[in-house]
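A.B. asks: Let me give you the structure first, and then I'll get to my questions.
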Amino acid sequence: MTLLLFAGTLSLGAAQYDYLVFTLTDGTTKTVAAANLTISFSDGNLIAASGSETLATLPLAQLMQMEFSTDDPTGITTLSTNTLTTDEATIIYDMNGRQIPAGTSLRSGMYIVKTKSRTVKVYIK
């Protein structure tokens, strides 16, 4: 009976969040998308699935915590031209740590954008 209540609560919570993050006893994490998420238990494992696709199989004995999150686990931030103010000093680095000269047109790829107040990882499509 408790298992059904837990599954019902999980479905309700999943509708409000984008991700479910599992933390294992060794400190590692596994993040799965909460959309259409189903959770089942078999042979001492928690199985997270979406439709017919298994997203994660985690041993219950190693599961320390699970929590819903709205944060993107990749750490990639979407920036628009309005996100950074023009008076904010900006330094851009490529993924090899090389500084990109100011005014350079950025090609598609990953970059680190550093300002006085923050540092973010961005992806240019």
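By order in the structure tokens, chains are A, B, ...; within a chain, residues start at 1; ligands start at 1, following the order shown.
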Set the distance at 12 Å and use only C-alpha atoms: which residues neighbour A:Pro101 once local chain neighbours fewer than 3 positions away are removed? I'd like the list as a ChimeraX atom specification.
C.D. replies: /A:90-94,98,104-106
A.B. asks: Print the selection's residues with N, CA and C atoms to a file, as a PDB file, in the first residue's frame.
C.D. replies:
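Generated file (selection-v3.pdb):
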```pdb
ATOM      1  N   THR A  90      32.948  41.356 -20.167  1.00  0.00           N
ATOM      2  CA  THR A  90      32.718  39.955 -20.495  1.00  0.00           C
ATOM      3  C   THR A  90      33.976  39.368 -21.116  1.00  0.00           C
ATOM      4  N   ILE A  91      34.383  38.218 -20.603  1.00  0.00           N
ATOM      5  CA  ILE A  91      35.497  37.468 -21.178  1.00  0.00           C
ATOM      6  C   ILE A  91      34.928  36.127 -21.600  1.00  0.00           C
ATOM      7  N   ILE A  92      35.242  35.718 -22.821  1.00  0.00           N
ATOM      8  CA  ILE A  92      34.725  34.457 -23.349  1.00  0.00           C
ATOM      9  C   ILE A  92      35.898  33.520 -23.613  1.00  0.00           C
ATOM     10  N   TYR A  93      35.733  32.272 -23.170  1.00  0.00           N
ATOM     11  CA  TYR A  93      36.749  31.244 -23.370  1.00  0.00           C
ATOM     12  C   TYR A  93      36.145  30.091 -24.161  1.00  0.00           C
ATOM     13  N   ASP A  94      36.973  29.456 -25.015  1.00  0.00           N
ATOM     14  CA  ASP A  94      36.494  28.235 -25.666  1.00  0.00           C
ATOM     15  C   ASP A  94      36.700  27.073 -24.698  1.00  0.00           C
ATOM     16  N   ARG A  98      41.086  28.752 -24.111  1.00  0.00           N
ATOM     17  CA  ARG A  98      41.655  29.906 -24.828  1.00  0.00           C
ATOM     18  C   ARG A  98      40.663  31.062 -24.814  1.00  0.00           C
ATOM     19  N   THR A 104      34.847  39.022 -31.658  1.00  0.00           N
ATOM     20  CA  THR A 104      34.898  37.858 -32.536  1.00  0.00           C
ATOM     21  C   THR A 104      33.511  37.246 -32.665  1.00  0.00           C
ATOM     22  N   SER A 105      33.120  36.903 -33.896  1.00  0.00           N
ATOM     23  CA  SER A 105      31.855  36.210 -34.118  1.00  0.00           C
ATOM     24  C   SER A 105      32.019  34.759 -33.672  1.00  0.00           C
ATOM     25  N   LEU A 106      31.156  34.304 -32.797  1.00  0.00           N
ATOM     26  CA  LEU A 106      31.286  32.956 -32.248  1.00  0.00           C
ATOM     27  C   LEU A 106      30.665  31.919 -33.166  1.00  0.00           C
TER      28      LEU A 106
END
```
